[in-house]
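Asks: The structure is given below, and queries will be raised subsequently.
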Amino acid sequence: MKTCLKCRCGEHIAQRDVMQRRTVNYGKSSYVYLKFRCSHCKKPGELYVKPEDWNDNLFQADKGEVTLSEQKRFSHLGDITFDEMRYVHSELEGLTRIPSNLLEE
């Protein structure tokens, strides 16, 4: 089962990239045919998707590895400030070894 549509270059295909969409029949099988131009590599491409795998959510980009609870927690944190970046940078410069509690994870 497909979860998203990707070009040969590996980038996600958005709905705006699709130039043609239709159903095609090959013998007893039918497919959703997509002709697209990748917005990343600018090359044309074609995809055939089984009708049972097809839905418009395929145009939604992958959400990554972040869970829903992590997304909620991150949304409450706000943007990272310059002072926070400077603090982390100075802390990393002072490290001479990886702390043992981080090695166990």
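Residue numbering restarts at 1 in every chain; chains get A, B, ... in the order shown in the structure tokens, and ligands count up from 1 in that same order.
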I'd like the neighbourhood of Pro51 in chain A as JSON, numbers by chain, where a residue qualifies if any of its atoms comes within 8 Å (using only C-alpha atoms), though same-chain residues fewer than 6 positions away should be ignored.
Replies: {"A": [30, 31, 32]}
Asks: Using only C-alpha atoms, which protein or nucleic acid residues come within 12 Å of Arg37 in chain A? Drop anything in the same chain fewer than 2 positions from it, and give the result as a list in words.
Replies: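 In the requested format, the answer is Lys6, Cys7, Arg8, Cys9, Glu11, His12, Ile13, Ala14, Gln15, Arg16, Asp17, Val18, Met19, Gln20, Leu34, Lys35, Ser39, His40, Cys41, Lys42, Lys43, Pro44, Gly45, Glu46 and Leu47 of chain A.
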Asks: Do you have the CA of Lys50 in chain A-CA of Leu68 in chain A distance handy?
Replies: 29.0 Å
Asks: Let's see if you can do this: from backbone DSSP, list all strand (DSSP E or B) residues in chain A, as a list in words.
Replies: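 Assigned to strand (DSSP E or B), within chain A: Lys6, His12, Val18, Met19, Gln20, Arg21, Arg22, Thr23, Val24, Asn25, Tyr26, Ser29, Ser30, Tyr31, Val32, Tyr33, Leu34, Lys35, Phe36, Arg37, Pro44, Gly45, Glu46, Leu47, Tyr48 and Val49 of chain A.
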Asks: Next, dump the selected residues to file, keeping only N, CA and C atoms, as a PDB file, in the first residue's frame.
Replies:
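Result file is again06.pdb:
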ATOM      1  N   LYS A   6       6.293   9.515  -5.045  1.00  0.00           N
ATOM      2  CA  LYS A   6       7.645  10.060  -5.145  1.00  0.00           C
ATOM      3  C   LYS A   6       8.168   9.955  -6.565  1.00  0.00           C
ATOM      4  N   HIS A  12       9.062  14.151  -3.027  1.00  0.00           N
ATOM      5  CA  HIS A  12       7.604  13.996  -2.965  1.00  0.00           C
ATOM      6  C   HIS A  12       6.942  14.696  -4.152  1.00  0.00           C
ATOM      7  N   VAL A  18       1.216  17.447 -10.959  1.00  0.00           N
ATOM      8  CA  VAL A  18       0.523  16.526 -11.856  1.00  0.00           C
ATOM      9  C   VAL A  18      -0.009  17.279 -13.075  1.00  0.00           C
ATOM     10  N   MET A  19       0.338  16.781 -14.261  1.00  0.00           N
ATOM     11  CA  MET A  19      -0.130  17.372 -15.510  1.00  0.00           C
ATOM     12  C   MET A  19      -1.334  16.617 -16.062  1.00  0.00           C
ATOM     13  N   GLN A  20      -1.417  15.312 -15.750  1.00  0.00           N
ATOM     14  CA  GLN A  20      -2.524  14.512 -16.268  1.00  0.00           C
ATOM     15  C   GLN A  20      -2.817  13.378 -15.284  1.00  0.00           C
ATOM     16  N   ARG A  21      -4.103  13.132 -15.057  1.00  0.00           N
ATOM     17  CA  ARG A  21      -4.521  12.030 -14.187  1.00  0.00           C
ATOM     18  C   ARG A  21      -5.742  11.379 -14.817  1.00  0.00           C
ATOM     19  N   ARG A  22      -5.678  10.064 -14.999  1.00  0.00           N
ATOM     20  CA  ARG A  22      -6.803   9.344 -15.584  1.00  0.00           C
ATOM     21  C   ARG A  22      -6.737   7.873 -15.178  1.00  0.00           C
ATOM     22  N   THR A  23      -7.811   7.187 -15.403  1.00  0.00           N
ATOM     23  CA  THR A  23      -7.858   5.746 -15.150  1.00  0.00           C
ATOM     24  C   THR A  23      -7.615   5.030 -16.466  1.00  0.00           C
ATOM     25  N   VAL A  24      -6.718   4.061 -16.447  1.00  0.00           N
ATOM     26  CA  VAL A  24      -6.410   3.282 -17.648  1.00  0.00           C
ATOM     27  C   VAL A  24      -6.680   1.812 -17.352  1.00  0.00           C
ATOM     28  N   ASN A  25      -7.089   1.071 -18.372  1.00  0.00           N
ATOM     29  CA  ASN A  25      -7.374  -0.356 -18.236  1.00  0.00           C
ATOM     30  C   ASN A  25      -6.387  -1.157 -19.066  1.00  0.00           C
ATOM     31  N   TYR A  26      -5.808  -2.170 -18.444  1.00  0.00           N
ATOM     32  CA  TYR A  26      -4.945  -3.128 -19.130  1.00  0.00           C
ATOM     33  C   TYR A  26      -5.529  -4.507 -18.891  1.00  0.00           C
ATOM     34  N   SER A  29      -7.116  -5.541 -15.463  1.00  0.00           N
ATOM     35  CA  SER A  29      -6.610  -4.634 -14.426  1.00  0.00           C
ATOM     36  C   SER A  29      -6.811  -3.184 -14.827  1.00  0.00           C
ATOM     37  N   SER A  30      -7.063  -2.351 -13.841  1.00  0.00           N
ATOM     38  CA  SER A  30      -7.146  -0.914 -14.090  1.00  0.00           C
ATOM     39  C   SER A  30      -6.214  -0.201 -13.127  1.00  0.00           C
ATOM     40  N   TYR A  31      -5.725   0.959 -13.546  1.00  0.00           N
ATOM     41  CA  TYR A  31      -4.776   1.742 -12.759  1.00  0.00           C
ATOM     42  C   TYR A  31      -5.110   3.223 -12.862  1.00  0.00           C
ATOM     43  N   VAL A  32      -4.677   3.974 -11.866  1.00  0.00           N
ATOM     44  CA  VAL A  32      -4.736   5.433 -11.943  1.00  0.00           C
ATOM     45  C   VAL A  32      -3.390   5.850 -12.522  1.00  0.00           C
ATOM     46  N   TYR A  33      -3.428   6.503 -13.659  1.00  0.00           N
ATOM     47  CA  TYR A  33      -2.221   6.951 -14.358  1.00  0.00           C
ATOM     48  C   TYR A  33      -1.971   8.424 -14.027  1.00  0.00           C
ATOM     49  N   LEU A  34      -0.739   8.729 -13.639  1.00  0.00           N
ATOM     50  CA  LEU A  34      -0.339  10.111 -13.361  1.00  0.00           C
ATOM     51  C   LEU A  34       0.846  10.475 -14.228  1.00  0.00           C
ATOM     52  N   LYS A  35       0.737  11.593 -14.898  1.00  0.00           N
ATOM     53  CA  LYS A  35       1.867  12.167 -15.620  1.00  0.00           C
ATOM     54  C   LYS A  35       2.212  13.446 -14.875  1.00  0.00           C
ATOM     55  N   PHE A  36       3.484  13.608 -14.514  1.00  0.00           N
ATOM     56  CA  PHE A  36       3.871  14.745 -13.679  1.00  0.00           C
ATOM     57  C   PHE A  36       5.216  15.304 -14.098  1.00  0.00           C
ATOM     58  N   ARG A  37       5.497  16.499 -13.627  1.00  0.00           N
ATOM     59  CA  ARG A  37       6.822  17.104 -13.748  1.00  0.00           C
ATOM     60  C   ARG A  37       7.264  17.441 -12.328  1.00  0.00           C
ATOM     61  N   PRO A  44      10.135  15.075 -16.269  1.00  0.00           N
ATOM     62  CA  PRO A  44       8.799  14.479 -16.343  1.00  0.00           C
ATOM     63  C   PRO A  44       8.841  13.027 -15.880  1.00  0.00           C
ATOM     64  N   GLY A  45       7.705  12.554 -15.413  1.00  0.00           N
ATOM     65  CA  GLY A  45       7.622  11.170 -14.975  1.00  0.00           C
ATOM     66  C   GLY A  45       6.198  10.666 -15.062  1.00  0.00           C
ATOM     67  N   GLU A  46       6.055   9.352 -14.916  1.00  0.00           N
ATOM     68  CA  GLU A  46       4.756   8.705 -14.953  1.00  0.00           C
ATOM     69  C   GLU A  46       4.670   7.706 -13.809  1.00  0.00           C
ATOM     70  N   LEU A  47       3.481   7.575 -13.255  1.00  0.00           N
ATOM     71  CA  LEU A  47       3.230   6.589 -12.213  1.00  0.00           C
ATOM     72  C   LEU A  47       1.916   5.882 -12.500  1.00  0.00           C
ATOM     73  N   TYR A  48       1.855   4.607 -12.166  1.00  0.00           N
ATOM     74  CA  TYR A  48       0.623   3.839 -12.224  1.00  0.00           C
ATOM     75  C   TYR A  48       0.328   3.349 -10.812  1.00  0.00           C
ATOM     76  N   VAL A  49      -0.856   3.672 -10.317  1.00  0.00           N
ATOM     77  CA  VAL A  49      -1.245   3.294  -8.960  1.00  0.00           C
ATOM     78  C   VAL A  49      -2.492   2.435  -9.041  1.00  0.00           C
TER      79      VAL A  49
END
Asks: Using DSSP assignments from the backbone, pull out every residue in range 2-79 of chain A that falls under alpha helix (DSSP H) and give it to me as a PyMOL selection string.
Replies: chain A and resi 68-77
Asks: Quick one: distance from CA of Asn101 in chain A to CA of Met85 in chain A in Å, one decimal?
Replies: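 Distance between the two atoms: 22.6 Å.
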Asks: Could you work out how far CA of Lys72 in chain A lies from CA of Leu92 in chain A, giving the answer in Å with one decimal?
Replies: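 Going from CA of Leu92 in chain A over to CA of Lys72 in chain A, I get 27.4 Å.
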